[in-house]
Amino acid sequence: MTDDFSQFYTGFVAEHYDRFIPEDEATSTRFFRRFVMEGRGPALELACGTGRPMLDFIADGFDVDGLDASADMLAQCRRKASARGLEVALHQAPMQAFSIGKRYQTLYVVSGSFNLLQGDVDVGKALACAHGHLNEGGRIAVELELPRDPGPKARERWYPFREAQDGDVTVRCSSRVEDVDPVAQQFISALRYEAFRGADRIHEEIRRFTLQWHTQDQFRSRLETAGFESISFVNDDGNPAAPDSSTFIAHATRR
């Protein structure tokens, strides 16, 4: 068990990540492809993980680097890139403390990965790092989630999340809500990972997973503090997001 998200995506979780989260479930991929294309310059994906959607963008001819805190996830990304005959520049560092020595025209975070940062200090550091790695007039896009409290019954039992096959082994992930803190704006859940060969369970581990949410007004303020302007919030189709949207993309420009 761990509350450190940089250590969450290791071992069994990293090995089977793409089985638990299929690539075709990323509904915002089209938005970020257009975002990178319109940037007309090098791009950086923060929390790139196993390379989704970054490797597809590289295959399309875009100049995209990746950064992630997990060595195991980056190893999976390199393996996938090699299998596809792609060259990729990867950097291991947390979102709130990275220094690449290179400026980008666009920088983006997909699938709510930014919600993994906990506390205003780390959020501010991450946005400051992003600002410092963008060219003047460069743009940032951050996909965020606004999780809903499913109520006390969700804390009582495990709910199946995903099951997949790895040869003759069945891998399974279940989830359970542990706490929702409206003051700290944190959604805390536990994920149980299991592997079965036939009826025999050959692996089990439980890891805790914390997401911190931000309202659009809060995130606007944090972007402004970090030095961004022309801030807007959109859906994955590019249209304006409603203030209470459960997912939205924050879009801004470096002053």
# chains A, B, ... in the order shown; residues from 1 in each chain; ligands from 1
$ residues_around --residues "Ser28 (chain A)" --least-positions-apart "4" --cutoff "9 Å" --atoms "only C-alpha atoms" --output "list in words"
Phe32, Arg33, Val110, Ser111, Glu143, Asn235, Asp236 and Asp237 of chain A
$ select_by_dssp --residues "region 9-218 of chain A" --states "alpha helix (DSSP H)" --output "PyMOL selection string"
chain A and resi 11-20+29-39+54-59+71-83+120-132+216-218
$ residues_around --residues "Cys48 (chain A)" --least-positions-apart "4" --cutoff "6 Å" --atoms "only C-alpha atoms" --output "tab-separated table (two decimals) with C-alpha atoms, in the first residue's frame"
chain	number	residue	atom	x	y	z
A	66	GLY	CA	7.32	12.46	-22.39
A	67	LEU	CA	7.81	12.87	-18.64
A	68	ASP	CA	6.67	10.59	-15.83
$ residues_around --residues "Met95 (chain A)" --least-positions-apart "6" --cutoff "12 Å" --atoms "only C-alpha atoms" --output "PyMOL selection string"
chain A and resi 5-6+44-48+66-70+107-109+113-118+122-131+133
$ write_last_selection --atoms "N, CA and C atoms" --output "tab-separated table (two decimals), in the first residue's frame"
chain	number	residue	atom	x	y	z
A	5	PHE	N	1.82	8.81	-5.21
A	5	PHE	CA	1.41	8.41	-6.56
A	5	PHE	C	2.61	8.10	-7.44
A	6	SER	N	3.80	8.63	-7.12
A	6	SER	CA	4.97	8.30	-7.93
A	6	SER	C	5.36	6.84	-7.75
A	44	LEU	N	5.39	18.56	-24.94
A	44	LEU	CA	5.76	17.73	-23.80
A	44	LEU	C	4.50	17.21	-23.14
A	45	GLU	N	4.41	15.88	-22.98
A	45	GLU	CA	3.30	15.29	-22.24
A	45	GLU	C	3.76	14.95	-20.83
A	46	LEU	N	3.13	15.58	-19.85
A	46	LEU	CA	3.41	15.27	-18.44
A	46	LEU	C	2.59	14.05	-18.03
A	47	ALA	N	3.17	13.23	-17.13
A	47	ALA	CA	2.51	12.00	-16.69
A	47	ALA	C	2.16	11.13	-17.89
A	48	CYS	N	3.14	10.92	-18.75
A	48	CYS	CA	2.91	10.21	-20.01
A	48	CYS	C	2.69	8.72	-19.80
A	66	GLY	N	8.14	12.91	-23.49
A	66	GLY	CA	7.32	12.46	-22.39
A	66	GLY	C	8.03	12.56	-21.06
A	67	LEU	N	7.26	12.80	-20.00
A	67	LEU	CA	7.81	12.87	-18.64
A	67	LEU	C	6.87	12.11	-17.71
A	68	ASP	N	7.46	11.32	-16.81
A	68	ASP	CA	6.67	10.59	-15.83
A	68	ASP	C	7.53	10.32	-14.60
A	69	ALA	N	6.88	10.19	-13.45
A	69	ALA	CA	7.61	9.94	-12.21
A	69	ALA	C	7.96	8.47	-12.02
A	70	SER	N	7.28	7.57	-12.74
A	70	SER	CA	7.44	6.14	-12.52
A	70	SER	C	8.41	5.52	-13.52
A	107	LEU	N	2.36	22.04	-23.99
A	107	LEU	CA	2.55	21.13	-22.87
A	107	LEU	C	1.16	20.69	-22.42
A	108	TYR	N	0.99	19.39	-22.17
A	108	TYR	CA	-0.36	18.93	-21.86
A	108	TYR	C	-0.34	17.77	-20.87
A	109	VAL	N	-1.49	17.58	-20.20
A	109	VAL	CA	-1.70	16.48	-19.24
A	109	VAL	C	-3.06	15.89	-19.53
A	113	SER	N	-4.63	13.08	-14.88
A	113	SER	CA	-3.41	12.77	-14.12
A	113	SER	C	-2.98	13.92	-13.23
A	114	PHE	N	-3.32	15.14	-13.59
A	114	PHE	CA	-2.95	16.29	-12.77
A	114	PHE	C	-3.63	16.23	-11.41
A	115	ASN	N	-4.80	15.57	-11.34
A	115	ASN	CA	-5.51	15.44	-10.06
A	115	ASN	C	-4.73	14.62	-9.03
A	116	LEU	N	-3.68	13.92	-9.47
A	116	LEU	CA	-2.86	13.14	-8.55
A	116	LEU	C	-2.04	14.02	-7.62
A	117	LEU	N	-1.78	15.26	-8.03
A	117	LEU	CA	-1.03	16.18	-7.18
A	117	LEU	C	-1.87	16.58	-5.99
A	118	GLN	N	-1.29	16.53	-4.80
A	118	GLN	CA	-2.04	16.81	-3.59
A	118	GLN	C	-1.46	18.03	-2.87
A	122	ASP	N	2.26	21.76	-4.21
A	122	ASP	CA	2.70	20.95	-5.34
A	122	ASP	C	2.00	21.36	-6.63
A	123	VAL	N	0.73	21.73	-6.54
A	123	VAL	CA	0.01	22.21	-7.73
A	123	VAL	C	0.69	23.46	-8.27
A	124	GLY	N	1.04	24.39	-7.38
A	124	GLY	CA	1.72	25.61	-7.81
A	124	GLY	C	3.09	25.33	-8.40
A	125	LYS	N	3.83	24.40	-7.80
A	125	LYS	CA	5.14	24.04	-8.33
A	125	LYS	C	5.03	23.42	-9.72
A	126	ALA	N	4.03	22.55	-9.91
A	126	ALA	CA	3.86	21.90	-11.21
A	126	ALA	C	3.54	22.92	-12.29
A	127	LEU	N	2.65	23.86	-12.00
A	127	LEU	CA	2.30	24.88	-12.99
A	127	LEU	C	3.48	25.82	-13.25
A	128	ALA	N	4.28	26.09	-12.20
A	128	ALA	CA	5.47	26.93	-12.40
A	128	ALA	C	6.49	26.21	-13.28
A	129	CYS	N	6.69	24.91	-13.07
A	129	CYS	CA	7.59	24.12	-13.92
A	129	CYS	C	7.10	24.14	-15.36
A	130	ALA	N	5.80	23.96	-15.53
A	130	ALA	CA	5.23	23.98	-16.88
A	130	ALA	C	5.46	25.32	-17.55
A	131	HIS	N	5.21	26.40	-16.81
A	131	HIS	CA	5.40	27.75	-17.35
A	131	HIS	C	6.85	27.95	-17.77
A	133	HIS	N	8.96	25.85	-18.83
A	133	HIS	CA	9.38	25.01	-19.96
A	133	HIS	C	8.65	25.35	-21.26
$ closest_residue --among "A:Thr253, A:Gln96, A:Thr106, A:Thr27" --to "Asp65 (chain A)" --atoms "only C-alpha atoms"
A:Thr106
$ closest_residue --among "A:Phe62, A:Trp213, A:Phe228, A:Phe35" --to "Ala184 (chain A)" --atoms "only C-alpha atoms"
A:Trp213
$ closest_residue --among "A:Ala164, A:Ala59, A:Leu144, A:Ala250" --to "Val234 (chain A)" --atoms "only C-alpha atoms"
A:Ala250
$ closest_residue --among "A:Lys80, A:Arg172, A:Arg40, A:His91" --to "Arg19 (chain A)" --atoms "only C-alpha atoms"
A:Arg172
$ atom_distance --atom1 "CA of Tyr159 (chain A)" --atom2 "CA of Phe248 (chain A)"
25.4 Å
$ residues_around --residues "Tyr9 (chain A)" --least-positions-apart "2" --cutoff "9 Å" --atoms "only C-alpha atoms" --output "list in words"
Phe5, Ser6, Gln7, Gly11, Phe12, Val13, Ala14, Glu15, Tyr17, Gly49, Ala69, Ser70, Ala71, Asp72 and Met73 of chain A
$ decode --residues "region 179-193 of chain A" --atoms "all heavy atoms" --output "CSV table (one decimal), in the first residue's frame"
chain,number,residue,atom,x,y,z
A,179,ASP,N,-12.8,7.4,1.4
A,179,ASP,CA,-13.2,8.7,2.1
A,179,ASP,C,-13.3,9.8,1.0
A,179,ASP,O,-12.7,9.7,0.0
A,179,ASP,CB,-12.1,9.1,3.1
A,179,ASP,CG,-12.5,10.3,4.0
A,179,ASP,OD1,-13.8,10.5,4.1
A,179,ASP,OD2,-11.7,11.0,4.5
A,180,VAL,N,-14.2,10.8,1.3
A,180,VAL,CA,-14.3,12.0,0.5
A,180,VAL,C,-14.2,13.1,1.4
A,180,VAL,O,-15.0,13.3,2.3
A,180,VAL,CB,-15.6,12.0,-0.3
A,180,VAL,CG1,-15.7,13.3,-1.1
A,180,VAL,CG2,-15.7,10.8,-1.3
A,181,ASP,N,-13.2,14.0,1.3
A,181,ASP,CA,-12.9,15.1,2.1
A,181,ASP,C,-13.3,16.4,1.4
A,181,ASP,O,-12.5,16.9,0.6
A,181,ASP,CB,-11.5,15.1,2.6
A,181,ASP,CG,-11.2,16.2,3.6
A,181,ASP,OD1,-11.9,17.2,3.7
A,181,ASP,OD2,-10.2,16.0,4.4
A,182,PRO,N,-14.4,17.0,1.6
A,182,PRO,CA,-14.8,18.2,0.9
A,182,PRO,C,-14.0,19.4,1.3
A,182,PRO,O,-13.9,20.4,0.5
A,182,PRO,CB,-16.3,18.4,1.3
A,182,PRO,CG,-16.4,17.7,2.6
A,182,PRO,CD,-15.5,16.5,2.6
A,183,VAL,N,-13.4,19.4,2.4
A,183,VAL,CA,-12.5,20.6,2.8
A,183,VAL,C,-11.2,20.5,2.1
A,183,VAL,O,-10.8,21.5,1.5
A,183,VAL,CB,-12.3,20.6,4.4
A,183,VAL,CG1,-11.4,21.7,4.8
A,183,VAL,CG2,-13.7,20.7,5.1
A,184,ALA,N,-10.5,19.4,2.1
A,184,ALA,CA,-9.3,19.2,1.4
A,184,ALA,C,-9.5,19.0,-0.1
A,184,ALA,O,-8.5,19.0,-0.8
A,184,ALA,CB,-8.5,18.1,2.0
A,185,GLN,N,-10.8,18.8,-0.4
A,185,GLN,CA,-11.1,18.4,-1.8
A,185,GLN,C,-10.4,17.2,-2.3
A,185,GLN,O,-9.8,17.3,-3.4
A,185,GLN,CB,-10.9,19.7,-2.7
A,185,GLN,CG,-11.8,20.8,-2.4
A,185,GLN,CD,-11.7,22.0,-3.3
A,185,GLN,OE1,-12.1,23.1,-3.0
A,185,GLN,NE2,-11.2,21.8,-4.5
A,186,GLN,N,-10.4,16.2,-1.5
A,186,GLN,CA,-9.7,14.9,-1.9
A,186,GLN,C,-10.7,13.8,-1.9
A,186,GLN,O,-11.6,13.6,-1.0
A,186,GLN,CB,-8.6,14.6,-0.9
A,186,GLN,CG,-7.4,15.6,-1.0
A,186,GLN,CD,-6.3,15.2,-0.1
A,186,GLN,OE1,-6.4,14.5,0.8
A,186,GLN,NE2,-5.1,15.8,-0.4
A,187,PHE,N,-10.5,12.9,-2.9
A,187,PHE,CA,-11.3,11.7,-3.1
A,187,PHE,C,-10.4,10.5,-3.0
A,187,PHE,O,-9.5,10.4,-3.8
A,187,PHE,CB,-11.9,11.7,-4.5
A,187,PHE,CG,-12.9,10.6,-4.8
A,187,PHE,CD1,-14.3,10.8,-4.7
A,187,PHE,CD2,-12.5,9.4,-5.3
A,187,PHE,CE1,-15.2,9.8,-4.9
A,187,PHE,CE2,-13.3,8.4,-5.6
A,187,PHE,CZ,-14.7,8.6,-5.4
A,188,ILE,N,-10.6,9.7,-1.9
A,188,ILE,CA,-9.6,8.7,-1.6
A,188,ILE,C,-10.3,7.3,-1.8
A,188,ILE,O,-11.4,7.1,-1.3
A,188,ILE,CB,-9.2,8.8,-0.1
A,188,ILE,CG1,-8.6,10.2,0.1
A,188,ILE,CG2,-8.2,7.7,0.2
A,188,ILE,CD1,-8.4,10.5,1.6
A,189,SER,N,-9.7,6.5,-2.6
A,189,SER,CA,-10.2,5.2,-2.9
A,189,SER,C,-9.1,4.1,-2.7
A,189,SER,O,-7.9,4.5,-2.6
A,189,SER,CB,-10.8,5.1,-4.3
A,189,SER,OG,-9.8,5.4,-5.2
A,190,ALA,N,-9.5,2.9,-2.6
A,190,ALA,CA,-8.5,1.8,-2.6
A,190,ALA,C,-8.8,0.9,-3.8
A,190,ALA,O,-9.9,0.7,-4.3
A,190,ALA,CB,-8.7,0.9,-1.3
A,191,LEU,N,-7.7,0.5,-4.4
A,191,LEU,CA,-7.8,-0.4,-5.6
A,191,LEU,C,-7.2,-1.7,-5.2
A,191,LEU,O,-6.0,-1.8,-4.7
A,191,LEU,CB,-7.1,0.2,-6.8
A,191,LEU,CG,-7.6,1.5,-7.3
A,191,LEU,CD1,-6.8,2.1,-8.5
A,191,LEU,CD2,-9.1,1.4,-7.7
A,192,ARG,N,-7.9,-2.8,-5.5
A,192,ARG,CA,-7.4,-4.2,-5.3
A,192,ARG,C,-7.0,-4.8,-6.6
A,192,ARG,O,-7.9,-5.0,-7.5
A,192,ARG,CB,-8.4,-5.0,-4.5
A,192,ARG,CG,-8.0,-6.4,-4.2
A,192,ARG,CD,-8.9,-7.1,-3.3
A,192,ARG,NE,-10.2,-7.4,-4.0
A,192,ARG,CZ,-11.3,-7.9,-3.4
A,192,ARG,NH1,-11.3,-8.1,-2.1
A,192,ARG,NH2,-12.4,-8.1,-4.1
A,193,TYR,N,-5.8,-5.2,-6.7
A,193,TYR,CA,-5.3,-5.9,-7.9
A,193,TYR,C,-5.1,-7.4,-7.6
A,193,TYR,O,-4.5,-7.7,-6.6
A,193,TYR,CB,-4.0,-5.3,-8.4
A,193,TYR,CG,-4.1,-3.8,-8.8
A,193,TYR,CD1,-4.0,-2.8,-7.9
A,193,TYR,CD2,-4.5,-3.5,-10.1
A,193,TYR,CE1,-4.1,-1.5,-8.3
A,193,TYR,CE2,-4.6,-2.2,-10.6
A,193,TYR,CZ,-4.4,-1.2,-9.7
A,193,TYR,OH,-4.6,0.1,-10.1
